[in-house]
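Engineer: To be precise about what I am sending: the file is called query.pdb and holds PDB, C-alpha atoms.
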MODEL        1
ATOM      1  CA  MET A 111      11.008-181.674  10.792  1.00  0.00           C
ATOM      2  CA  THR A 112      12.029-184.789   8.878  1.00  0.00           C
ATOM      3  CA  ARG A 113      10.918-185.207   5.249  1.00  0.00           C
ATOM      4  CA  PHE A 114      10.729-188.603   3.564  1.00  0.00           C
ATOM      5  CA  ASP A 115       9.960-189.056  -0.136  1.00  0.00           C
ATOM      6  CA  LEU A 116       8.444-192.408  -1.079  1.00  0.00           C
ATOM      7  CA  ALA A 117       9.160-191.657  -4.725  1.00  0.00           C
ATOM      8  CA  ARG A 118      12.843-192.159  -3.889  1.00  0.00           C
ATOM      9  CA  ASP A 119      12.812-194.748  -1.112  1.00  0.00           C
ATOM     10  CA  SER A 120      10.718-197.681   0.090  1.00  0.00           C
ATOM     11  CA  VAL A 121       7.959-198.030   2.666  1.00  0.00           C
ATOM     12  CA  ARG A 122      10.161-200.576   4.436  1.00  0.00           C
ATOM     13  CA  SER A 123      12.888-197.951   4.845  1.00  0.00           C
ATOM     14  CA  LEU A 124      10.394-195.389   6.105  1.00  0.00           C
ATOM     15  CA  ASN A 125       8.912-197.733   8.689  1.00  0.00           C
ATOM     16  CA  GLN A 126      12.354-198.846   9.843  1.00  0.00           C
ATOM     17  CA  ARG A 127      13.445-195.248  10.386  1.00  0.00           C
ATOM     18  CA  LEU A 128      10.202-194.448  12.210  1.00  0.00           C
ATOM     19  CA  HIS A 129      10.767-197.419  14.519  1.00  0.00           C
ATOM     20  CA  GLU A 130      14.434-196.663  15.175  1.00  0.00           C
ATOM     21  CA  SER A 131      14.314-192.848  15.596  1.00  0.00           C
ATOM     22  CA  PRO A 132      10.681-191.746  15.699  1.00  0.00           C
ATOM     23  CA  ALA A 133      10.928-188.392  17.500  1.00  0.00           C
ATOM     24  CA  GLY A 134       9.560-185.115  16.188  1.00  0.00           C
ATOM     25  CA  HIS A 135       7.474-184.225  13.159  1.00  0.00           C
ATOM     26  CA  TRP A 136       7.600-186.180   9.893  1.00  0.00           C
ATOM     27  CA  VAL A 137       6.255-185.306   6.448  1.00  0.00           C
ATOM     28  CA  VAL A 138       5.871-188.196   4.016  1.00  0.00           C
ATOM     29  CA  SER A 139       5.421-187.265   0.350  1.00  0.00           C
ATOM     30  CA  HIS A 140       4.368-189.266  -2.725  1.00  0.00           C
ATOM     31  CA  PRO A 141       2.664-192.168  -0.913  1.00  0.00           C
ATOM     32  CA  ASP A 142       0.844-192.963  -4.193  1.00  0.00           C
ATOM     33  CA  GLY A 143      -1.396-195.618  -2.653  1.00  0.00           C
ATOM     34  CA  ARG A 144       1.398-197.695  -1.142  1.00  0.00           C
ATOM     35  CA  HIS A 145       0.479-200.149   1.607  1.00  0.00           C
ATOM     36  CA  CYS A 146       1.330-200.377   5.326  1.00  0.00           C
ATOM     37  CA  ILE A 147       2.738-196.869   5.629  1.00  0.00           C
ATOM     38  CA  ALA A 148       3.543-195.906   9.241  1.00  0.00           C
ATOM     39  CA  ALA A 149       2.479-199.306  10.571  1.00  0.00           C
ATOM     40  CA  GLY A 150       3.327-200.618  14.032  1.00  0.00           C
ATOM     41  CA  LEU A 151       4.490-197.344  15.564  1.00  0.00           C
ATOM     42  CA  ASP A 152       4.938-196.989  19.319  1.00  0.00           C
ATOM     43  CA  ALA A 153       6.099-193.425  19.957  1.00  0.00           C
ATOM     44  CA  ALA A 154       4.573-189.975  20.393  1.00  0.00           C
ATOM     45  CA  VAL A 155       5.506-188.769  16.919  1.00  0.00           C
ATOM     46  CA  ASP A 156       3.538-186.544  14.531  1.00  0.00           C
ATOM     47  CA  ILE A 157       3.292-187.775  10.928  1.00  0.00           C
ATOM     48  CA  HIS A 158       1.756-185.964   7.969  1.00  0.00           C
ATOM     49  CA  ILE A 159       1.243-188.084   4.835  1.00  0.00           C
ATOM     50  CA  GLU A 160       0.739-185.989   1.712  1.00  0.00           C
ATOM     51  CA  GLY A 161      -1.580-188.023  -0.498  1.00  0.00           C
ATOM     52  CA  HIS A 162      -3.520-191.263  -0.838  1.00  0.00           C
ATOM     53  CA  VAL A 163      -2.479-194.467   0.946  1.00  0.00           C
ATOM     54  CA  GLY A 164      -3.207-198.159   0.395  1.00  0.00           C
ATOM     55  CA  TYR A 165      -4.267-200.805   2.882  1.00  0.00           C
ATOM     56  CA  TYR A 166      -3.383-200.970   6.605  1.00  0.00           C
ATOM     57  CA  CYS A 167      -1.913-197.482   6.873  1.00  0.00           C
ATOM     58  CA  ALA A 168      -1.264-196.662  10.554  1.00  0.00           C
ATOM     59  CA  GLY A 169      -2.108-200.225  11.534  1.00  0.00           C
ATOM     60  CA  MET A 170      -1.349-201.163  15.171  1.00  0.00           C
ATOM     61  CA  ASN A 171      -0.653-197.516  15.970  1.00  0.00           C
ATOM     62  CA  GLN A 172       0.371-196.600  19.495  1.00  0.00           C
ATOM     63  CA  GLN A 173       0.881-192.977  20.638  1.00  0.00           C
ATOM     64  CA  ALA A 174       1.532-191.472  17.191  1.00  0.00           C
ATOM     65  CA  ASP A 175      -0.681-188.772  15.657  1.00  0.00           C
ATOM     66  CA  ILE A 176      -1.019-189.469  11.932  1.00  0.00           C
ATOM     67  CA  THR A 177      -2.746-187.281   9.342  1.00  0.00           C
ATOM     68  CA  ILE A 178      -3.472-188.476   5.800  1.00  0.00           C
ATOM     69  CA  THR A 179      -4.289-185.688   3.346  1.00  0.00           C
ATOM     70  CA  GLY A 180      -6.029-188.028   0.950  1.00  0.00           C
ATOM     71  CA  SER A 181      -8.055-191.213   0.980  1.00  0.00           C
ATOM     72  CA  ALA A 182      -7.120-194.562   2.526  1.00  0.00           C
ATOM     73  CA  GLY A 183      -7.523-198.181   1.474  1.00  0.00           C
ATOM     74  CA  PRO A 184      -8.862-201.075   3.573  1.00  0.00           C
ATOM     75  CA  GLY A 185      -8.019-201.406   7.259  1.00  0.00           C
ATOM     76  CA  VAL A 186      -6.710-197.935   8.056  1.00  0.00           C
ATOM     77  CA  ALA A 187      -5.864-197.720  11.795  1.00  0.00           C
ATOM     78  CA  GLU A 188      -6.556-201.446  12.143  1.00  0.00           C
ATOM     79  CA  ASN A 189      -5.867-202.663  15.695  1.00  0.00           C
ATOM     80  CA  MET A 190      -4.919-199.143  16.836  1.00  0.00           C
ATOM     81  CA  MET A 191      -4.075-198.975  20.534  1.00  0.00           C
ATOM     82  CA  SER A 192      -3.688-195.232  21.186  1.00  0.00           C
ATOM     83  CA  GLY A 193      -2.850-191.960  19.493  1.00  0.00           C
ATOM     84  CA  SER A 194      -4.900-190.611  16.610  1.00  0.00           C
ATOM     85  CA  VAL A 195      -5.374-191.101  12.889  1.00  0.00           C
ATOM     86  CA  ARG A 196      -7.074-188.461  10.749  1.00  0.00           C
ATOM     87  CA  VAL A 197      -8.055-189.123   7.132  1.00  0.00           C
ATOM     88  CA  LYS A 198      -8.992-185.997   5.190  1.00  0.00           C
ATOM     89  CA  GLY A 199     -10.628-188.012   2.414  1.00  0.00           C
ATOM     90  CA  ASN A 200     -12.654-191.226   2.219  1.00  0.00           C
ATOM     91  CA  VAL A 201     -11.728-194.642   3.600  1.00  0.00           C
ATOM     92  CA  SER A 202     -12.303-198.118   2.245  1.00  0.00           C
ATOM     93  CA  GLN A 203     -13.745-201.067   4.147  1.00  0.00           C
ATOM     94  CA  CYS A 204     -12.887-202.147   7.696  1.00  0.00           C
ATOM     95  CA  ALA A 205     -11.587-198.789   8.894  1.00  0.00           C
ATOM     96  CA  GLY A 206     -10.557-199.040  12.541  1.00  0.00           C
ATOM     97  CA  ALA A 207     -11.052-202.811  12.621  1.00  0.00           C
ATOM     98  CA  SER A 208     -10.422-204.277  16.102  1.00  0.00           C
ATOM     99  CA  ALA A 209      -9.093-200.938  17.341  1.00  0.00           C
ATOM    100  CA  HIS A 210      -8.537-201.003  21.127  1.00  0.00           C
ATOM    101  CA  GLY A 211      -7.963-197.289  21.798  1.00  0.00           C
ATOM    102  CA  GLY A 212      -7.163-193.913  20.333  1.00  0.00           C
ATOM    103  CA  LEU A 213      -9.237-191.815  17.950  1.00  0.00           C
ATOM    104  CA  LEU A 214      -9.874-192.321  14.229  1.00  0.00           C
ATOM    105  CA  ILE A 215     -11.362-189.359  12.348  1.00  0.00           C
ATOM    106  CA  VAL A 216     -12.663-189.715   8.792  1.00  0.00           C
ATOM    107  CA  GLU A 217     -13.507-186.376   7.208  1.00  0.00           C
ATOM    108  CA  GLY A 218     -15.171-188.051   4.229  1.00  0.00           C
ATOM    109  CA  ASP A 219     -17.184-191.285   3.901  1.00  0.00           C
ATOM    110  CA  ALA A 220     -16.347-194.808   5.082  1.00  0.00           C
ATOM    111  CA  SER A 221     -17.086-197.994   3.181  1.00  0.00           C
ATOM    112  CA  ALA A 222     -18.455-201.273   4.562  1.00  0.00           C
ATOM    113  CA  ARG A 223     -17.670-202.673   8.018  1.00  0.00           C
ATOM    114  CA  CYS A 224     -16.314-199.488   9.534  1.00  0.00           C
ATOM    115  CA  GLY A 225     -15.438-200.270  13.153  1.00  0.00           C
ATOM    116  CA  ILE A 226     -15.811-204.029  12.750  1.00  0.00           C
ATOM    117  CA  SER A 227     -14.982-205.821  16.016  1.00  0.00           C
ATOM    118  CA  LEU A 228     -14.258-202.475  17.692  1.00  0.00           C
ATOM    119  CA  LYS A 229     -12.643-203.017  21.084  1.00  0.00           C
ATOM    120  CA  GLY A 230     -12.467-199.590  22.711  1.00  0.00           C
ATOM    121  CA  SER A 231     -11.438-196.988  20.166  1.00  0.00           C
ATOM    122  CA  ASP A 232     -13.502-193.960  19.160  1.00  0.00           C
ATOM    123  CA  ILE A 233     -14.323-193.448  15.467  1.00  0.00           C
ATOM    124  CA  VAL A 234     -15.866-190.250  14.108  1.00  0.00           C
ATOM    125  CA  VAL A 235     -17.034-190.235  10.492  1.00  0.00           C
ATOM    126  CA  ALA A 236     -18.055-186.828   9.133  1.00  0.00           C
ATOM    127  CA  GLY A 237     -19.837-188.471   6.202  1.00  0.00           C
ATOM    128  CA  SER A 238     -21.686-191.761   5.762  1.00  0.00           C
ATOM    129  CA  VAL A 239     -20.744-195.411   6.355  1.00  0.00           C
ATOM    130  CA  GLY A 240     -21.411-198.577   4.388  1.00  0.00           C
ATOM    131  CA  HIS A 241     -23.175-201.803   5.334  1.00  0.00           C
ATOM    132  CA  MET A 242     -22.406-203.837   8.454  1.00  0.00           C
ATOM    133  CA  SER A 243     -20.530-201.055  10.187  1.00  0.00           C
ATOM    134  CA  ALA A 244     -19.806-201.797  13.872  1.00  0.00           C
ATOM    135  CA  PHE A 245     -20.336-205.510  13.176  1.00  0.00           C
ATOM    136  CA  MET A 246     -19.539-207.387  16.408  1.00  0.00           C
ATOM    137  CA  ALA A 247     -18.290-204.155  17.987  1.00  0.00           C
ATOM    138  CA  GLN A 248     -17.481-204.929  21.622  1.00  0.00           C
ATOM    139  CA  THR A 249     -16.676-201.562  23.241  1.00  0.00           C
ATOM    140  CA  GLY A 250     -15.929-198.060  22.025  1.00  0.00           C
ATOM    141  CA  ARG A 251     -17.960-195.479  20.124  1.00  0.00           C
ATOM    142  CA  LEU A 252     -18.796-194.982  16.448  1.00  0.00           C
ATOM    143  CA  VAL A 253     -20.123-191.550  15.473  1.00  0.00           C
ATOM    144  CA  ILE A 254     -21.732-191.221  12.045  1.00  0.00           C
ATOM    145  CA  CYS A 255     -22.624-187.697  10.977  1.00  0.00           C
ATOM    146  CA  GLY A 256     -24.184-188.865   7.706  1.00  0.00           C
ATOM    147  CA  ASP A 257     -26.177-191.976   6.781  1.00  0.00           C
ATOM    148  CA  ALA A 258     -25.588-195.669   7.502  1.00  0.00           C
ATOM    149  CA  GLY A 259     -25.975-198.674   5.224  1.00  0.00           C
ATOM    150  CA  ASN A 260     -27.893-201.853   6.063  1.00  0.00           C
ATOM    151  CA  PHE A 261     -27.176-204.050   9.085  1.00  0.00           C
ATOM    152  CA  LEU A 262     -25.616-201.363  11.248  1.00  0.00           C
ATOM    153  CA  GLY A 263     -24.391-202.812  14.549  1.00  0.00           C
ATOM    154  CA  ASP A 264     -25.029-206.424  13.604  1.00  0.00           C
ATOM    155  CA  SER A 265     -24.252-208.679  16.609  1.00  0.00           C
ATOM    156  CA  ILE A 266     -23.053-205.664  18.601  1.00  0.00           C
ATOM    157  CA  TYR A 267     -21.978-206.050  22.233  1.00  0.00           C
ATOM    158  CA  GLU A 268     -21.431-202.969  24.435  1.00  0.00           C
ATOM    159  CA  ALA A 269     -20.193-200.466  21.857  1.00  0.00           C
ATOM    160  CA  VAL A 270     -22.245-197.314  21.295  1.00  0.00           C
ATOM    161  CA  ILE A 271     -23.314-195.913  17.927  1.00  0.00           C
ATOM    162  CA  TYR A 272     -24.390-192.310  17.391  1.00  0.00           C
ATOM    163  CA  LEU A 273     -26.093-191.652  14.054  1.00  0.00           C
ATOM    164  CA  ALA A 274     -27.325-188.329  12.666  1.00  0.00           C
ATOM    165  CA  GLY A 275     -28.612-189.369   9.252  1.00  0.00           C
ATOM    166  CA  LYS A 276     -30.781-192.052   7.698  1.00  0.00           C
ATOM    167  CA  ILE A 277     -30.406-195.755   8.326  1.00  0.00           C
ATOM    168  CA  GLY A 278     -31.264-198.892   6.380  1.00  0.00           C
ATOM    169  CA  GLU A 279     -32.123-202.171   8.096  1.00  0.00           C
ATOM    170  CA  LEU A 280     -30.601-202.547  11.569  1.00  0.00           C
ATOM    171  CA  GLY A 281     -28.352-205.525  12.203  1.00  0.00           C
ATOM    172  CA  ALA A 282     -29.237-208.462  14.446  1.00  0.00           C
ATOM    173  CA  ASP A 283     -29.644-207.462  18.107  1.00  0.00           C
ATOM    174  CA  CYS A 284     -29.046-203.753  17.421  1.00  0.00           C
ATOM    175  CA  VAL A 285     -31.750-201.382  18.622  1.00  0.00           C
ATOM    176  CA  GLU A 286     -32.294-197.666  19.056  1.00  0.00           C
ATOM    177  CA  LYS A 287     -31.841-196.518  22.657  1.00  0.00           C
ATOM    178  CA  LYS A 288     -32.751-193.446  24.641  1.00  0.00           C
ATOM    179  CA  MET A 289     -30.521-190.428  24.090  1.00  0.00           C
ATOM    180  CA  THR A 290     -30.046-188.750  27.471  1.00  0.00           C
ATOM    181  CA  ALA A 291     -28.450-185.408  28.321  1.00  0.00           C
ATOM    182  CA  GLN A 292     -25.377-187.311  29.513  1.00  0.00           C
ATOM    183  CA  HIS A 293     -25.086-189.085  26.165  1.00  0.00           C
ATOM    184  CA  ARG A 294     -25.393-185.763  24.307  1.00  0.00           C
ATOM    185  CA  GLN A 295     -22.607-184.285  26.425  1.00  0.00           C
ATOM    186  CA  CYS A 296     -20.342-187.286  25.807  1.00  0.00           C
ATOM    187  CA  LEU A 297     -21.053-186.985  22.092  1.00  0.00           C
ATOM    188  CA  ALA A 298     -20.388-183.230  22.135  1.00  0.00           C
ATOM    189  CA  ASP A 299     -17.027-183.815  23.838  1.00  0.00           C
ATOM    190  CA  LEU A 300     -16.082-186.463  21.283  1.00  0.00           C
ATOM    191  CA  LEU A 301     -17.059-184.257  18.343  1.00  0.00           C
ATOM    192  CA  SER A 302     -15.024-181.415  19.835  1.00  0.00           C
ATOM    193  CA  ALA A 303     -11.986-183.673  20.249  1.00  0.00           C
ATOM    194  CA  SER A 304     -12.302-184.819  16.634  1.00  0.00           C
ATOM    195  CA  GLY A 305     -12.708-181.329  15.191  1.00  0.00           C
ATOM    196  CA  VAL A 306     -15.836-182.427  13.314  1.00  0.00           C
ATOM    197  CA  GLU A 307     -18.642-179.882  13.476  1.00  0.00           C
ATOM    198  CA  ALA A 308     -22.086-181.399  14.042  1.00  0.00           C
ATOM    199  CA  ASP A 309     -25.084-180.714  16.272  1.00  0.00           C
ATOM    200  CA  PRO A 310     -25.378-183.383  19.020  1.00  0.00           C
ATOM    201  CA  ASP A 311     -29.148-182.822  19.102  1.00  0.00           C
ATOM    202  CA  ARG A 312     -29.428-184.329  15.602  1.00  0.00           C
ATOM    203  CA  PHE A 313     -28.101-187.728  16.674  1.00  0.00           C
ATOM    204  CA  ARG A 314     -29.806-190.939  17.748  1.00  0.00           C
ATOM    205  CA  ARG A 315     -28.155-193.622  19.871  1.00  0.00           C
ATOM    206  CA  TYR A 316     -27.987-197.340  19.046  1.00  0.00           C
ATOM    207  CA  GLY A 317     -26.690-200.308  20.996  1.00  0.00           C
ATOM    208  CA  SER A 318     -27.232-203.944  21.876  1.00  0.00           C
ATOM    209  CA  ALA A 319     -30.599-205.439  22.818  1.00  0.00           C
ATOM    210  CA  ARG A 320     -28.498-208.065  24.667  1.00  0.00           C
ATOM    211  CA  LYS A 321     -30.469-211.028  23.331  1.00  0.00           C
ATOM    212  CA  LEU A 322     -27.568-212.725  21.553  1.00  0.00           C
ATOM    213  CA  TYR A 323     -24.983-212.839  24.361  1.00  0.00           C
ATOM    214  CA  HIS A 324     -25.893-216.481  25.017  1.00  0.00           C
ATOM    215  CA  PHE A 325     -27.930-218.910  22.955  1.00  0.00           C
ATOM    216  CA  ASN A 326     -31.605-218.830  23.859  1.00  0.00           C
ATOM    217  CA  SER A 327     -34.086-221.058  22.045  1.00  0.00           C
ATOM    218  CA  ASP A 328     -36.693-218.269  22.270  1.00  0.00           C
ATOM    219  CA  HIS A 329     -34.485-216.197  19.963  1.00  0.00           C
ATOM    220  CA  ALA A 330     -33.221-218.986  17.720  1.00  0.00           C
ATOM    221  CA  GLY A 331     -34.571-217.214  14.660  1.00  0.00           C
ATOM    222  CA  ASP A 332     -32.290-214.243  15.288  1.00  0.00           C
ATOM    223  CA  TYR A 333     -29.050-216.235  15.016  1.00  0.00           C
TER     224      TYR A 333
ENDMDL
END
Could you write out this file's structure as structure tokens?

Structural biologist:
Amino acid sequence: MTRFDLARDSVRSLNQRLHESPAGHWVVSHPDGRHCIAAGLDAAVDIHIEGHVGYYCAGMNQQADITITGSAGPGVAENMMSGSVRVKGNVSQCAGASAHGGLLIVEGDASARCGISLKGSDIVVAGSVGHMSAFMAQTGRLVICGDAGNFLGDSIYEAVIYLAGKIGELGADCVEKKMTAQHRQCLADLLSASGVEADPDRFRRYGSARKLYHFNSDHAGDY
């Protein structure tokens, strides 16, 4: 195990060492809200960050498994390609933005625009999410075990949203869809992989009505 103390050295030094010799298990102490910790990794390394982090932690992650034992600022796991990121607290806005793959787990609540422009990743939020989550989400899955703010799934494409709690106003072109046995099994598998305990039978499924893919004068008022 490699220990790195951000009270004594810089985030730049940490990221450089992770890029040059990333093998094994790392423990990072005293993050104290610093930004861009463990960004741009491309190796199957396990990283445990002891405390709160700032913006873009674990951004562009590939292969690494990163655990944050605190809360995270904007853009955690932004543009993630593979691997996993687990946040044991809450996350700020745009968590998992444009993420192409991998798994993001939020054990607390997520702020606005969680999963914005999602491109294939899976996001599981044990709590609630803020407004405009899954805005323009293209593919991937967003699981919300709590409530959702207004305009959920606004301008969504082929991503799938599973929601257990209450919802405000749905976003443009987002509609509730039938929850089949196959969907419940897929959701159960995803919850199991995330380690978040929730009953799949409590969830509803949301997706695109597919009216906004191309401009249609009959739906001009929806744009």

Engineer: Write out as a PyMOL selection string which residues come within 12 Å of Glu286 in chain A when counting all atoms listed in the file, dropping same-chain ones fewer than 4 positions away.

Structural biologist: chain A and resi 262-263+270-273+277+279-281+313-319

Engineer: Using Å and a single decimal, report how far CA of Ser202 in chain A sits from CA of Thr177 in chain A.

Structural biologist: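 Here the two named atoms are 16.1 Å from each other.
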
Engineer: Figure out the distance between CA of Lys287 in chain A and CA of Ala207 in chain A, please, to one decimal in Å.

Structural biologist: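 So the two atoms, CA of Ala207 in chain A and CA of Lys287 in chain A, lie 23.9 Å apart.
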
Engineer: Which residues are near Gly218 in chain A? Cut-off 9 Å, all atoms listed in the file, ignore same chain within fewer than 4 positions. Put them as a list in words.

Structural biologist: Ser181, Val197, Lys198, Gly199, Asn200, Val201, Val235, Ala236, Gly237 and Ser238 of chain A

Engineer: Go through A:Met191, A:Ala282, A:Ala205, A:Ala298 one by one, measure the shortest atom-to-atom distance of each to Gly164 in chain A using only C-alpha atoms, and give the residue with the smallest value.

Structural biologist: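 Closest to Gly164 in chain A of all the choices is A:Ala205.
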
Engineer: With all atoms listed in the file as the atoms that count, which of A:Gly185, A:Asn125, A:Arg196, A:Ser131 lies nearest to Gly169 in chain A?

Structural biologist: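 That would be A:Gly185, the residue with the smallest distance to Gly169 in chain A.
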
Engineer: Can you tell me how far CA of Val234 in chain A sits from CA of Gly150 in chain A, in Å to one decimal?

Structural biologist: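 One can read the CA of Val234 in chain A to CA of Gly150 in chain A distance as 21.8 Å.
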
Engineer: On this file, the PyMOL selection byres ((chain A and resi 250) around 6) gives some set of residues; write that set as JSON, numbers by chain.

Structural biologist: {"A": [230, 231, 232, 249, 251, 269]}

Engineer: If you count all atoms listed in the file, which residues fall within 10 Å of Tyr323 in chain A, apart from same-chain ones fewer than 6 positions away, as a PyMOL selection string?

Structural biologist: chain A and resi 265-267+283

Engineer: Once the PyMOL selection byres ((chain A and resi 259) around 7) has been applied to the shown file, what residues remain in the selection, as number ranges by chain?

Structural biologist: A: 239-241, 257-258, 260-262, 277-278

Engineer: List the neighbours of Val195 in chain A out to 6 Å using all atoms listed in the file; skip same-chain residues closer than 6 positions along the sequence, and give me the result as a ChimeraX atom specification.

Structural biologist: /A:175-177,214

Engineer: Choose the residue, out of A:His145, A:Val216, A:Ala153, A:Asp115, that has the smallest atom-to-atom separation from Glu130 in chain A; count all atoms listed in the file.

Structural biologist: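 Selected residue with least distance to Glu130 in chain A: A:Ala153.
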
Engineer: Can you list, as a PyMOL selection string, every protein, DNA or RNA residue that comes within 12 Å of Gln295 in chain A when you count only C-alpha atoms, leaving out same-chain residues fewer than 6 positions away?

Structural biologist: chain A and resi 289+301-302+309-311+313

Engineer: The PyMOL selection byres ((chain A and resi 160) around 9) - which residues does that actually catch in the file I just gave you? List them as a PyMOL selection string.

Structural biologist: chain A and resi 137-141+158-159+161-162+177-180

Engineer: I'd like to know which of A:Ile233, A:Leu300, A:Leu228, A:Met242 is closest to Gln203 in chain A, using only C-alpha atoms.

Structural biologist: A:Met242

Engineer: Considering only C-alpha atoms, state which residue in the set A:Ala247, A:Gln173, A:Thr290, A:Asp142 is at the smallest distance from Gly193 in chain A.

Structural biologist: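 Using only C-alpha atoms, Gly193 in chain A sits closest to A:Gln173.
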
Engineer: Grab all the atoms of range 166-181 of chain A that the file lists, wrap them in a box along x, y and z, add 6 Å per side, and give me centre plus edge lengths in Å (one decimal) as AutoDock Vina command-line options.

Structural biologist:
--center_x -3.3 --center_y -193.4 --center_z 10.8 --size_x 21.6 --size_y 27.5 --size_z 31.7
